[in-house]
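Q: Take a look at the following structure, please.
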Amino acid sequence: MTSSTPPATGPVIGPLTAALLSALPAGAVITDPVRLRTYECDGLTYHRATPAVAVLPETAEQVALVVRLCNEAGVPFVARGSGTGLSGGALPREDGVLIVTSRMRRVLEIDLADRRAVVEPGVTNLAITEAVREQGRYYAPDPSSQQVCSIGGNVAENSGGAHCLKYGFTVNHVEACEIVTPDGDLVTLDRMDPGYDLLGAFVGSEGTLGIATKITVRLSRAPEAVTTVLAAFENIEQGGRAVSAIIGAGIVPAAIEMMDALSIAAAEAAVACAYPAGAGAVLIVELDGPAAEVERQFERLREICSGAFELRVAAGPAERAAIWKGRKSAFAAVGRISPAYIVQDGVVPRTSLPRVLAAIDRLSAEHDIRVANVFHAGDGNLHPLVLFDDAEPGAGERAEVVSGAILDLCIEHGGSITGEHGVGVDKARYMPKMFSAADLDTMQLVRCAFDPRGLSNPGKVFPTPRLCGEVPGVRRGVHPLVESGRAEQF
Ligand SMILES: Cc1cc2nc3c(=O)[nH]c(=O)nc-3n(C[C@H](O)[C@H](O)[C@H](O)COP(=O)(O)OP(=O)(O)OC[C@H]3O[C@@H](n4cnc5c(N)ncnc54)[C@H](O)[C@@H]3O)c2cc1C
């Protein structure tokens, strides 16, 4: 806080702010309205709110203290890592405290024998790999945002990435988490604990069950060989058939990513990735493992991709990075070809990909809204980028319609409304489309067991900010959301 800036005022937040200022070190409490605007949104910029106060703790004990003070005052709090989330999960509360972990960036322990690293929540995903790369180890889940996103945010979102097809999501790589519970206790959830898998419940809970303050992750051994291939096809159907054939042949590549013509054009404009000219779709396939096995799989892959008009094989790490460059920058690159866009995130069974992509094409034509497809094809995780011009009247609304219709398609095909970006504030309204009222009530029971007062990131994930006083149980009759016309149910 600058000395000229008065703390936030109000009968509740004023005294809480004063308590935070006296309990935390100088510079750890931000009340300046201009500085607070830094935190008004995450990567999903059309949801914005300025927090009443933001705090930047340096230790788990300070996080616990802040949560306890919030609890005593009955004030909601929201955790924030790097703010790269794409579902508005770290959207602050105007009446609440934002707890930012960016000063908690220490790698506390590396234990190569047990293949574990213990890190603070603000450590970036890539920094974990950088800390052990020379020892031939790495941290496997690799969101495209890995250079900046925090491991705490990854745990909260159960983040994925290109290599999760073979190696699994964050949940498969977290061994233990020290958390501050919503009433301010410091406890550790460990994979080895007998009884219910509370660690499993915490991972992916989007900050609604408490705040992770120390994370023990599993380290993977770098594979003996890696072969990265870029296959260019005339159209997306051919690319889709190749994906099915690869998996059908029993090959589990480390990654299979697909980009359509529009996303290739965007990547080209942004980072000059020199993907083959005229491609209607490119596949990036990465094989890794023992050298002999990779070689055998590559020969099979070459046969399967015989319909590709160009097959490029990376000769070394530099060429491998060049192939990944276009894919890794695709989301940001789209900003070059469209003034505004929505990054959608849904999943369908892999076998439905061709039908769903064709349906997205029809939606795009029907609403005159361009959709660029760039996705984790191997696990059916779609990332349609819905492009629009926000200066054109009605275009934003049309893009929202297309974006919502894509999620409907995912549900209709037996998929999900989110593959890896979470529900946050953005998709809470779609939850009743996937889950019955009884399902949602059951989830609330879990939430209430951790957070009976509903202070930890309220308003996220669930379609209504239900209180724990409203005892969840078997619902009879129509869910209030459905009754009010604000949700549909299949
Ligand atoms: C260009 C780009 C590419 C991306 N690519 C991918 C991708 O390939 N795969 C993927 O899965 N995601 C991807 N994302 C989404 C995003 O990076 C991930 O969701 C990431 O895990 C968010 O981390 P963060 O530190 O930025 O979290 P934030 O955005 O700060 O927070 C996200 C959620 O986590 C909660 N949270 C944060 N820290 C903690 C904590 N310590 N304890 C409890 N809760 C906490 C917040 O309350 C919020 O609900 C991408 C985003 C961008 C902008």
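The way I read the labels, and the way they are meant: chains A, B, ... in the order of the structure tokens, residue 1 as the first residue of every chain, and ligand 1 as the first ligand shown, with later ones counted on from there.
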Excluding Leu262 (chain A) and residues on its chain fewer than 3 positions from it, collect all residues at most 8 Å away from it, counting only C-alpha atoms, and give them as a PDB file with N, CA and C atoms, in the first residue's frame.
A:
```
ATOM      1  N   ALA A 265      -3.112 -20.574 -39.815  1.00  0.00           N
ATOM      2  CA  ALA A 265      -2.906 -19.209 -40.347  1.00  0.00           C
ATOM      3  C   ALA A 265      -2.593 -18.242 -39.209  1.00  0.00           C
ATOM      4  N   ALA A 266      -3.293 -18.406 -38.076  1.00  0.00           N
ATOM      5  CA  ALA A 266      -3.064 -17.509 -36.935  1.00  0.00           C
ATOM      6  C   ALA A 266      -1.641 -17.695 -36.400  1.00  0.00           C
ATOM      7  N   VAL A 371     -14.658 -20.144 -36.518  1.00  0.00           N
ATOM      8  CA  VAL A 371     -14.165 -20.945 -35.392  1.00  0.00           C
ATOM      9  C   VAL A 371     -12.849 -21.600 -35.817  1.00  0.00           C
ATOM     10  N   ALA A 372     -11.797 -21.346 -35.051  1.00  0.00           N
ATOM     11  CA  ALA A 372     -10.497 -21.993 -35.319  1.00  0.00           C
ATOM     12  C   ALA A 372     -10.356 -23.164 -34.348  1.00  0.00           C
ATOM     13  N   ASN A 373      -9.991 -24.329 -34.878  1.00  0.00           N
ATOM     14  CA  ASN A 373      -9.882 -25.493 -34.001  1.00  0.00           C
ATOM     15  C   ASN A 373      -8.427 -25.875 -33.772  1.00  0.00           C
TER      16      ASN A 373
END
```
Q: Just the residues within 6 Å of Asn125 (chain A), please, counting only C-alpha atoms, with nothing from its chain fewer than 3 positions along; format it as a list in words.
A: Ile128, Gln146, Ser150 and Ile151 of chain A
Q: Around ligand 1, which protein and nucleic acid residues have at least one atom no more than 6 Å from it, if we count only C-alpha atoms and all ligand atoms? List them as a PyMOL selection string.
A: chain A and resi 42-43+78-86+89-90+121+143-145+149-150+152-154+156-157+159-161+206-207+210-213+331-332+420-421
Q: Taking N, CA, C and O atoms for each residue, export the selection above as a short mmCIF file (atom, residue, chain, number, x, y, z; two decimals), in the first residue's frame.
A:
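File written: part35.cif
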```
data_model
loop_
_atom_site.label_atom_id
_atom_site.label_comp_id
_atom_site.auth_asym_id
_atom_site.auth_seq_id
_atom_site.Cartn_x
_atom_site.Cartn_y
_atom_site.Cartn_z
N ASP A 42 -8.78 -12.87 -14.73
CA ASP A 42 -7.73 -13.82 -15.10
C ASP A 42 -7.64 -13.82 -16.62
O ASP A 42 -7.91 -12.80 -17.26
N GLY A 43 -7.28 -14.97 -17.22
CA GLY A 43 -7.14 -15.00 -18.68
C GLY A 43 -8.46 -14.83 -19.42
O GLY A 43 -8.46 -14.64 -20.64
N VAL A 78 -10.53 -15.41 -2.20
CA VAL A 78 -10.28 -16.12 -3.46
C VAL A 78 -8.77 -16.27 -3.60
O VAL A 78 -8.03 -15.30 -3.39
N ALA A 79 -8.32 -17.49 -3.95
CA ALA A 79 -6.87 -17.68 -4.20
C ALA A 79 -6.58 -17.32 -5.65
O ALA A 79 -7.41 -17.53 -6.54
N ARG A 80 -5.38 -16.80 -5.87
CA ARG A 80 -4.93 -16.52 -7.23
C ARG A 80 -3.47 -16.93 -7.36
O ARG A 80 -2.65 -16.61 -6.51
N GLY A 81 -3.18 -17.65 -8.44
CA GLY A 81 -1.79 -18.01 -8.73
C GLY A 81 -1.24 -16.98 -9.70
O GLY A 81 -0.97 -15.83 -9.35
N SER A 82 -1.11 -17.40 -10.98
CA SER A 82 -0.59 -16.47 -11.99
C SER A 82 -1.70 -15.77 -12.77
O SER A 82 -1.41 -14.95 -13.65
N GLY A 83 -2.95 -16.15 -12.53
CA GLY A 83 -4.06 -15.48 -13.23
C GLY A 83 -4.15 -15.83 -14.71
O GLY A 83 -4.63 -15.03 -15.50
N THR A 84 -3.70 -17.03 -15.09
CA THR A 84 -3.81 -17.42 -16.50
C THR A 84 -5.05 -18.29 -16.75
O THR A 84 -5.25 -18.77 -17.86
N GLY A 85 -5.85 -18.51 -15.73
CA GLY A 85 -7.03 -19.36 -15.86
C GLY A 85 -7.95 -18.85 -16.97
O GLY A 85 -8.02 -17.65 -17.24
N LEU A 86 -8.66 -19.77 -17.58
CA LEU A 86 -9.52 -19.38 -18.71
C LEU A 86 -11.00 -19.62 -18.41
O LEU A 86 -11.81 -19.67 -19.34
N GLY A 89 -11.90 -18.53 -12.79
CA GLY A 89 -11.81 -19.15 -11.46
C GLY A 89 -11.20 -18.21 -10.42
O GLY A 89 -11.59 -18.22 -9.26
N ALA A 90 -10.26 -17.37 -10.85
CA ALA A 90 -9.60 -16.46 -9.90
C ALA A 90 -10.25 -15.07 -9.92
O ALA A 90 -9.67 -14.11 -9.40
N PRO A 121 3.25 -22.97 -3.78
CA PRO A 121 2.21 -22.94 -4.82
C PRO A 121 2.46 -21.94 -5.96
O PRO A 121 1.96 -22.12 -7.07
N PRO A 143 0.77 -27.69 -19.45
CA PRO A 143 -0.15 -26.75 -20.10
C PRO A 143 0.62 -25.80 -21.02
O PRO A 143 1.81 -25.52 -20.77
N SER A 144 -0.05 -25.33 -22.07
CA SER A 144 0.65 -24.41 -22.99
C SER A 144 1.10 -23.14 -22.27
O SER A 144 1.96 -22.43 -22.74
N SER A 145 0.47 -22.87 -21.13
CA SER A 145 0.84 -21.69 -20.33
C SER A 145 1.96 -22.01 -19.34
O SER A 145 2.21 -21.23 -18.41
N CYS A 149 2.07 -20.21 -15.70
CA CYS A 149 1.03 -20.62 -14.74
C CYS A 149 1.66 -21.26 -13.50
O CYS A 149 2.73 -21.85 -13.58
N SER A 150 0.97 -21.12 -12.37
CA SER A 150 1.56 -21.63 -11.12
C SER A 150 1.11 -23.07 -10.87
O SER A 150 0.05 -23.49 -11.32
N GLY A 152 0.14 -24.16 -8.06
CA GLY A 152 -1.08 -24.08 -7.23
C GLY A 152 -2.31 -23.99 -8.11
O GLY A 152 -3.33 -24.65 -7.88
N GLY A 153 -2.22 -23.16 -9.17
CA GLY A 153 -3.34 -23.03 -10.13
C GLY A 153 -3.54 -24.35 -10.87
O GLY A 153 -4.68 -24.77 -11.11
N ASN A 154 -2.44 -25.03 -11.21
CA ASN A 154 -2.55 -26.33 -11.90
C ASN A 154 -3.29 -27.34 -11.02
O ASN A 154 -4.13 -28.10 -11.50
N ALA A 156 -5.39 -26.65 -8.58
CA ALA A 156 -6.80 -26.24 -8.44
C ALA A 156 -7.61 -26.58 -9.69
O ALA A 156 -8.79 -26.91 -9.60
N GLU A 157 -6.97 -26.49 -10.87
CA GLU A 157 -7.72 -26.74 -12.11
C GLU A 157 -7.55 -28.17 -12.61
O GLU A 157 -8.09 -28.52 -13.65
N SER A 159 -4.96 -29.27 -14.13
CA SER A 159 -4.58 -28.88 -15.50
C SER A 159 -4.01 -30.03 -16.30
O SER A 159 -3.45 -30.98 -15.75
N GLY A 160 -4.15 -29.87 -17.60
CA GLY A 160 -3.64 -30.87 -18.53
C GLY A 160 -2.52 -30.29 -19.37
O GLY A 160 -1.70 -29.51 -18.89
N GLY A 161 -2.51 -30.69 -20.62
CA GLY A 161 -1.46 -30.23 -21.53
C GLY A 161 -1.26 -31.27 -22.61
O GLY A 161 -1.85 -32.36 -22.56
N GLU A 206 -10.83 -26.13 -7.75
CA GLU A 206 -10.89 -24.73 -8.19
C GLU A 206 -10.93 -23.72 -7.04
O GLU A 206 -11.65 -22.73 -7.09
N GLY A 207 -10.18 -24.02 -6.00
CA GLY A 207 -10.08 -23.05 -4.91
C GLY A 207 -11.29 -23.02 -4.00
O GLY A 207 -11.38 -22.15 -3.13
N GLY A 210 -10.23 -24.79 -0.20
CA GLY A 210 -9.10 -24.29 0.57
C GLY A 210 -7.97 -23.87 -0.36
O GLY A 210 -8.12 -23.87 -1.58
N ILE A 211 -6.83 -23.53 0.26
CA ILE A 211 -5.71 -22.99 -0.52
C ILE A 211 -4.49 -23.87 -0.34
O ILE A 211 -4.06 -24.14 0.79
N ALA A 212 -3.93 -24.32 -1.46
CA ALA A 212 -2.72 -25.16 -1.39
C ALA A 212 -1.53 -24.27 -1.07
O ALA A 212 -1.31 -23.23 -1.70
N THR A 213 -0.74 -24.68 -0.06
CA THR A 213 0.42 -23.86 0.35
C THR A 213 1.74 -24.59 0.14
O THR A 213 2.81 -23.99 0.22
N PHE A 331 -3.16 -20.12 -29.05
CA PHE A 331 -4.23 -19.33 -28.39
C PHE A 331 -3.96 -17.84 -28.52
O PHE A 331 -4.81 -17.06 -28.93
N ALA A 332 -2.74 -17.48 -28.13
CA ALA A 332 -2.40 -16.06 -28.14
C ALA A 332 -2.38 -15.54 -29.58
O ALA A 332 -2.79 -14.41 -29.86
N GLU A 420 -10.03 -29.17 -19.40
CA GLU A 420 -8.89 -28.87 -18.52
C GLU A 420 -8.89 -27.43 -18.00
O GLU A 420 -8.09 -27.12 -17.14
N HIS A 421 -9.78 -26.57 -18.50
CA HIS A 421 -9.73 -25.18 -18.05
C HIS A 421 -10.63 -24.90 -16.85
O HIS A 421 -10.64 -23.78 -16.34
#
```
Q: For CA of Ile411 (chain A) and CA of Gly346 (chain A), determine how far apart the two atoms are, in Å to one decimal place.
A: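 Calculated distance between CA of Ile411 (chain A) and CA of Gly346 (chain A) is 8.8 Å.
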Q: Pick out the residues sitting within 10 Å of region 360-363 of chain A, and hand them over as a tab-separated table (two decimals) with all heavy atoms, in the first residue's frame; count only C-alpha atoms, and ignore anything fewer than 5 positions along from it in its own chain.
A:
```tsv
chain	number	residue	atom	x	y	z
A	354	PRO	N	-14.81	-36.46	-35.61
A	354	PRO	CA	-15.18	-36.01	-36.94
A	354	PRO	C	-16.60	-35.42	-36.99
A	354	PRO	O	-16.81	-34.36	-37.57
A	354	PRO	CB	-15.09	-37.29	-37.80
A	354	PRO	CG	-14.22	-38.22	-37.02
A	354	PRO	CD	-14.39	-37.86	-35.58
A	355	ARG	N	-17.56	-36.10	-36.31
A	355	ARG	CA	-18.94	-35.60	-36.33
A	355	ARG	C	-19.05	-34.26	-35.61
A	355	ARG	O	-19.72	-33.33	-36.06
A	355	ARG	CB	-19.88	-36.60	-35.64
A	355	ARG	CG	-20.45	-37.63	-36.63
A	355	ARG	CD	-21.19	-38.71	-35.92
A	355	ARG	NE	-20.27	-39.51	-35.11
A	355	ARG	CZ	-20.57	-40.07	-33.94
A	355	ARG	NH1	-21.75	-39.90	-33.42
A	355	ARG	NH2	-19.69	-40.78	-33.28
A	368	ASP	N	-22.45	-17.13	-38.91
A	368	ASP	CA	-21.47	-16.24	-39.50
A	368	ASP	C	-20.38	-15.85	-38.48
A	368	ASP	O	-20.07	-14.68	-38.29
A	368	ASP	CB	-22.17	-14.99	-40.07
A	368	ASP	CG	-21.21	-14.17	-40.93
A	368	ASP	OD1	-20.20	-14.74	-41.38
A	368	ASP	OD2	-21.47	-12.96	-41.12
A	369	ILE	N	-19.88	-16.86	-37.80
A	369	ILE	CA	-18.83	-16.66	-36.79
A	369	ILE	C	-17.72	-17.66	-37.09
A	369	ILE	O	-17.98	-18.87	-37.16
A	369	ILE	CB	-19.42	-16.94	-35.37
A	369	ILE	CG1	-20.35	-15.81	-34.92
A	369	ILE	CG2	-18.33	-17.18	-34.34
A	369	ILE	CD1	-19.68	-14.51	-34.52
A	370	ARG	N	-16.49	-17.18	-37.27
A	370	ARG	CA	-15.39	-18.11	-37.58
A	370	ARG	C	-14.95	-18.87	-36.31
A	370	ARG	O	-14.92	-18.29	-35.22
A	370	ARG	CB	-14.19	-17.34	-38.12
A	370	ARG	CG	-14.44	-16.71	-39.49
A	370	ARG	CD	-13.18	-16.07	-40.02
A	370	ARG	NE	-12.69	-15.01	-39.14
A	370	ARG	CZ	-11.47	-14.48	-39.21
A	370	ARG	NH1	-10.60	-14.93	-40.10
A	370	ARG	NH2	-11.09	-13.51	-38.41
A	371	VAL	N	-14.66	-20.14	-36.52
A	371	VAL	CA	-14.16	-20.94	-35.39
A	371	VAL	C	-12.85	-21.60	-35.82
A	371	VAL	O	-12.80	-22.29	-36.84
A	371	VAL	CB	-15.18	-22.04	-34.98
A	371	VAL	CG1	-14.62	-22.86	-33.81
A	371	VAL	CG2	-16.53	-21.44	-34.60
A	372	ALA	N	-11.80	-21.35	-35.05
A	372	ALA	CA	-10.50	-21.99	-35.32
A	372	ALA	C	-10.36	-23.16	-34.35
A	372	ALA	O	-10.59	-23.01	-33.14
A	372	ALA	CB	-9.36	-20.99	-35.10
A	373	ASN	N	-9.99	-24.33	-34.88
A	373	ASN	CA	-9.88	-25.49	-34.00
A	373	ASN	C	-8.43	-25.88	-33.77
A	373	ASN	O	-7.68	-26.12	-34.71
A	373	ASN	CB	-10.62	-26.69	-34.63
A	373	ASN	CG	-12.11	-26.50	-34.55
A	373	ASN	OD1	-12.68	-26.51	-33.46
A	373	ASN	ND2	-12.76	-26.29	-35.68
A	384	PRO	N	-12.04	-25.08	-29.34
A	384	PRO	CA	-12.45	-24.21	-30.44
A	384	PRO	C	-12.25	-22.74	-30.03
A	384	PRO	O	-12.60	-22.35	-28.92
A	384	PRO	CB	-13.94	-24.52	-30.60
A	384	PRO	CG	-14.22	-25.69	-29.73
A	384	PRO	CD	-13.16	-25.72	-28.68
A	401	VAL	N	-23.44	-17.55	-28.46
A	401	VAL	CA	-24.39	-18.60	-28.84
A	401	VAL	C	-23.62	-19.80	-29.41
A	401	VAL	O	-23.84	-20.95	-29.03
A	401	VAL	CB	-25.42	-18.07	-29.88
A	401	VAL	CG1	-26.24	-19.21	-30.48
A	401	VAL	CG2	-26.35	-17.05	-29.21
A	402	VAL	N	-22.68	-19.51	-30.31
A	402	VAL	CA	-21.90	-20.58	-30.94
A	402	VAL	C	-21.10	-21.32	-29.85
A	402	VAL	O	-21.07	-22.56	-29.79
A	402	VAL	CB	-20.96	-20.02	-32.03
A	402	VAL	CG1	-19.96	-21.07	-32.50
A	402	VAL	CG2	-21.78	-19.49	-33.20
A	403	SER	N	-20.49	-20.54	-28.97
A	403	SER	CA	-19.67	-21.11	-27.92
A	403	SER	C	-20.50	-22.05	-27.02
A	403	SER	O	-20.08	-23.17	-26.70
A	403	SER	CB	-19.10	-19.93	-27.13
A	403	SER	OG	-18.32	-20.34	-26.12
A	405	ALA	N	-23.35	-23.47	-27.87
A	405	ALA	CA	-23.84	-24.60	-28.67
A	405	ALA	C	-22.76	-25.67	-28.81
A	405	ALA	O	-23.05	-26.87	-28.89
A	405	ALA	CB	-24.29	-24.11	-30.05
A	406	ILE	N	-21.50	-25.26	-28.81
A	406	ILE	CA	-20.40	-26.24	-28.89
A	406	ILE	C	-20.39	-27.10	-27.62
A	406	ILE	O	-20.21	-28.32	-27.67
A	406	ILE	CB	-19.05	-25.53	-29.10
A	406	ILE	CG1	-19.01	-24.92	-30.50
A	406	ILE	CG2	-17.88	-26.50	-28.91
A	406	ILE	CD1	-17.79	-24.06	-30.79
A	409	LEU	N	-23.04	-29.60	-27.84
A	409	LEU	CA	-22.60	-30.71	-28.71
A	409	LEU	C	-21.77	-31.71	-27.92
A	409	LEU	O	-21.92	-32.93	-28.07
A	409	LEU	CB	-21.71	-30.18	-29.83
A	409	LEU	CG	-22.33	-29.67	-31.10
A	409	LEU	CD1	-21.25	-29.06	-31.98
A	409	LEU	CD2	-23.03	-30.81	-31.83
```
Q: Can you pull out every residue within 7 Å of Ser87 (chain A), counting only C-alpha atoms, but drop anything in the same chain fewer than 3 positions away, and send it as a list of chain:residue names?
A: A:Leu44, A:His421, A:Gly422, A:Val423, A:Gly424, A:Val425, A:Asp426
Q: Using only C-alpha atoms, which protein or nucleic acid residues come within 6 Å of region 98-113 of chain A? Drop anything in the same chain fewer than 4 positions from it, and give the result as number ranges by chain.
A: A: 54-56, 58, 77-81, 117-120, 122-123
Q: With N, CA and C atoms kept, could you save the residues just selected as a tab-separated table (two decimals), in the first residue's frame?
A:
```
chain	number	residue	atom	x	y	z
A	54	ALA	N	-6.14	-7.00	-1.67
A	54	ALA	CA	-5.35	-8.14	-2.13
A	54	ALA	C	-4.18	-8.32	-1.18
A	55	VAL	N	-3.85	-9.57	-0.88
A	55	VAL	CA	-2.69	-9.82	-0.01
A	55	VAL	C	-1.70	-10.71	-0.74
A	56	LEU	N	-0.42	-10.49	-0.48
A	56	LEU	CA	0.64	-11.29	-1.09
A	56	LEU	C	1.47	-11.96	0.00
A	58	GLU	N	3.91	-14.58	2.09
A	58	GLU	CA	5.17	-15.24	1.72
A	58	GLU	C	5.30	-16.62	2.33
A	77	PHE	N	-12.96	-15.13	0.44
A	77	PHE	CA	-11.60	-14.97	-0.08
A	77	PHE	C	-11.43	-15.85	-1.32
A	78	VAL	N	-10.53	-15.41	-2.20
A	78	VAL	CA	-10.28	-16.12	-3.46
A	78	VAL	C	-8.77	-16.27	-3.60
A	79	ALA	N	-8.32	-17.49	-3.95
A	79	ALA	CA	-6.87	-17.68	-4.20
A	79	ALA	C	-6.58	-17.32	-5.65
A	80	ARG	N	-5.38	-16.80	-5.87
A	80	ARG	CA	-4.93	-16.52	-7.23
A	80	ARG	C	-3.47	-16.93	-7.36
A	81	GLY	N	-3.18	-17.65	-8.44
A	81	GLY	CA	-1.79	-18.01	-8.73
A	81	GLY	C	-1.24	-16.98	-9.70
A	117	ALA	N	9.41	-33.70	-5.77
A	117	ALA	CA	9.86	-32.35	-5.46
A	117	ALA	C	8.77	-31.70	-4.62
A	118	VAL	N	9.21	-30.92	-3.63
A	118	VAL	CA	8.25	-30.21	-2.79
A	118	VAL	C	8.38	-28.72	-3.12
A	119	VAL	N	7.28	-28.12	-3.52
A	119	VAL	CA	7.36	-26.72	-3.98
A	119	VAL	C	6.25	-25.88	-3.37
A	120	GLU	N	6.49	-24.58	-3.36
A	120	GLU	CA	5.44	-23.65	-2.93
A	120	GLU	C	4.47	-23.43	-4.09
A	122	GLY	N	3.26	-20.89	-5.71
A	122	GLY	CA	3.46	-19.88	-6.74
A	122	GLY	C	4.55	-20.25	-7.75
A	123	VAL	N	5.24	-21.37	-7.52
A	123	VAL	CA	6.28	-21.82	-8.46
A	123	VAL	C	5.62	-22.11	-9.81
```
Q: Can you tell me, as a list of chain:residue names, what residues are no more than 6 Å from Ala333 (chain A) when counting only C-alpha atoms, ignoring any on the same chain fewer than 3 positions away?
A: A:Ala266, A:Ala267, A:Ala270, A:Ser329, A:Ala330, A:Arg336
Q: Return as a PyMOL selection string the full set of residues in region 132-205 of chain A whose backbone-based DSSP assignment is alpha helix (DSSP H).
A: chain A and resi 132+151-157+164-167+198-202
Q: Residues of the last selection are to be written out with N, CA and C atoms, as a PDB file, in the first residue's frame.
A:
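Output file part.pdb is given in full below:
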```
ATOM      1  N   VAL A 132      15.130 -29.651 -12.295  1.00  0.00           N
ATOM      2  CA  VAL A 132      15.623 -31.048 -12.282  1.00  0.00           C
ATOM      3  C   VAL A 132      16.058 -31.538 -13.661  1.00  0.00           C
ATOM      4  N   ILE A 151       1.924 -23.786 -10.101  1.00  0.00           N
ATOM      5  CA  ILE A 151       1.576 -25.171  -9.777  1.00  0.00           C
ATOM      6  C   ILE A 151       0.316 -25.189  -8.885  1.00  0.00           C
ATOM      7  N   GLY A 152       0.143 -24.164  -8.057  1.00  0.00           N
ATOM      8  CA  GLY A 152      -1.082 -24.082  -7.235  1.00  0.00           C
ATOM      9  C   GLY A 152      -2.311 -23.989  -8.114  1.00  0.00           C
ATOM     10  N   GLY A 153      -2.219 -23.157  -9.171  1.00  0.00           N
ATOM     11  CA  GLY A 153      -3.339 -23.034 -10.128  1.00  0.00           C
ATOM     12  C   GLY A 153      -3.540 -24.351 -10.865  1.00  0.00           C
ATOM     13  N   ASN A 154      -2.445 -25.034 -11.211  1.00  0.00           N
ATOM     14  CA  ASN A 154      -2.546 -26.331 -11.903  1.00  0.00           C
ATOM     15  C   ASN A 154      -3.285 -27.344 -11.023  1.00  0.00           C
ATOM     16  N   VAL A 155      -2.938 -27.351  -9.727  1.00  0.00           N
ATOM     17  CA  VAL A 155      -3.609 -28.287  -8.812  1.00  0.00           C
ATOM     18  C   VAL A 155      -5.098 -27.938  -8.730  1.00  0.00           C
ATOM     19  N   ALA A 156      -5.390 -26.653  -8.584  1.00  0.00           N
ATOM     20  CA  ALA A 156      -6.798 -26.240  -8.444  1.00  0.00           C
ATOM     21  C   ALA A 156      -7.607 -26.584  -9.689  1.00  0.00           C
ATOM     22  N   GLU A 157      -6.975 -26.488 -10.868  1.00  0.00           N
ATOM     23  CA  GLU A 157      -7.715 -26.737 -12.112  1.00  0.00           C
ATOM     24  C   GLU A 157      -7.547 -28.172 -12.613  1.00  0.00           C
ATOM     25  N   CYS A 164      -0.529 -35.015 -21.740  1.00  0.00           N
ATOM     26  CA  CYS A 164      -1.369 -35.716 -20.761  1.00  0.00           C
ATOM     27  C   CYS A 164      -2.053 -36.943 -21.349  1.00  0.00           C
ATOM     28  N   LEU A 165      -2.036 -37.069 -22.670  1.00  0.00           N
ATOM     29  CA  LEU A 165      -2.618 -38.265 -23.295  1.00  0.00           C
ATOM     30  C   LEU A 165      -1.924 -39.507 -22.731  1.00  0.00           C
ATOM     31  N   LYS A 166      -0.620 -39.495 -22.689  1.00  0.00           N
ATOM     32  CA  LYS A 166       0.122 -40.659 -22.209  1.00  0.00           C
ATOM     33  C   LYS A 166       0.392 -40.610 -20.700  1.00  0.00           C
ATOM     34  N   TYR A 167       0.616 -39.395 -20.189  1.00  0.00           N
ATOM     35  CA  TYR A 167       1.115 -39.323 -18.812  1.00  0.00           C
ATOM     36  C   TYR A 167       0.069 -38.923 -17.774  1.00  0.00           C
ATOM     37  N   LEU A 198      -8.970 -37.715  -0.095  1.00  0.00           N
ATOM     38  CA  LEU A 198      -9.266 -36.279   0.028  1.00  0.00           C
ATOM     39  C   LEU A 198      -8.354 -35.456  -0.872  1.00  0.00           C
ATOM     40  N   LEU A 199      -7.132 -35.978  -1.118  1.00  0.00           N
ATOM     41  CA  LEU A 199      -6.236 -35.263  -2.037  1.00  0.00           C
ATOM     42  C   LEU A 199      -6.868 -35.245  -3.435  1.00  0.00           C
ATOM     43  N   GLY A 200      -7.426 -36.394  -3.830  1.00  0.00           N
ATOM     44  CA  GLY A 200      -8.105 -36.478  -5.130  1.00  0.00           C
ATOM     45  C   GLY A 200      -9.263 -35.497  -5.212  1.00  0.00           C
ATOM     46  N   ALA A 201      -9.969 -35.319  -4.091  1.00  0.00           N
ATOM     47  CA  ALA A 201     -11.105 -34.375  -4.084  1.00  0.00           C
ATOM     48  C   ALA A 201     -10.596 -32.937  -4.197  1.00  0.00           C
ATOM     49  N   PHE A 202      -9.440 -32.681  -3.568  1.00  0.00           N
ATOM     50  CA  PHE A 202      -8.917 -31.309  -3.561  1.00  0.00           C
ATOM     51  C   PHE A 202      -8.418 -30.895  -4.954  1.00  0.00           C
TER      52      PHE A 202
END
```
Q: Nearest to Ala245 (chain A): which of A:Arg398, A:Arg191, A:Arg302, A:Lys460 is it, counting only C-alpha atoms?
A: A:Arg302
Q: What is the CA of Ile215 (chain A)-CA of Leu21 (chain A) distance in Å, reported with one decimal?
A: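 So the two atoms, CA of Ile215 (chain A) and CA of Leu21 (chain A), lie 27.4 Å apart.
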Q: Determine, counting only C-alpha atoms, which protein, DNA and RNA residues have an atom within 12 Å of an atom of Pro51 (chain A); residues of the same chain fewer than 6 positions away are not included. Present the result as a PyMOL selection string.
A: chain A and resi 8+13+17+29-41+75-80+90-100
Q: When you count only C-alpha atoms, which of these residues is closest to Ala399 (chain A): A:Asp183, A:Glu134, A:Glu366, A:Asp441?
A: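 Among A:Asp183, A:Glu134, A:Glu366, A:Asp441, it is A:Glu366 that comes nearest to Ala399 (chain A).
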Q: Name the residues of region 128-219 of chain A that come out as strand (DSSP E) in a backbone DSSP run; write them as a PyMOL selection string.
A: chain A and resi 137-138+174-180+186-190+211-218
Q: Determine the nearest neighbour of Ala242 (chain A) from the options A:Glu319, A:Glu303, A:Glu224, A:Asp190, counting only C-alpha atoms.
A: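 Among A:Glu319, A:Glu303, A:Glu224, A:Asp190, it is A:Glu303 that comes nearest to Ala242 (chain A).
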Q: Looking at only C-alpha atoms, which of A:Asp379, A:Val461, A:Glu178, A:Arg221 is the one that sits closest to Thr129 (chain A)?
A: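 Of A:Asp379, A:Val461, A:Glu178, A:Arg221, the one nearest Thr129 (chain A) is A:Arg221, counting only C-alpha atoms.
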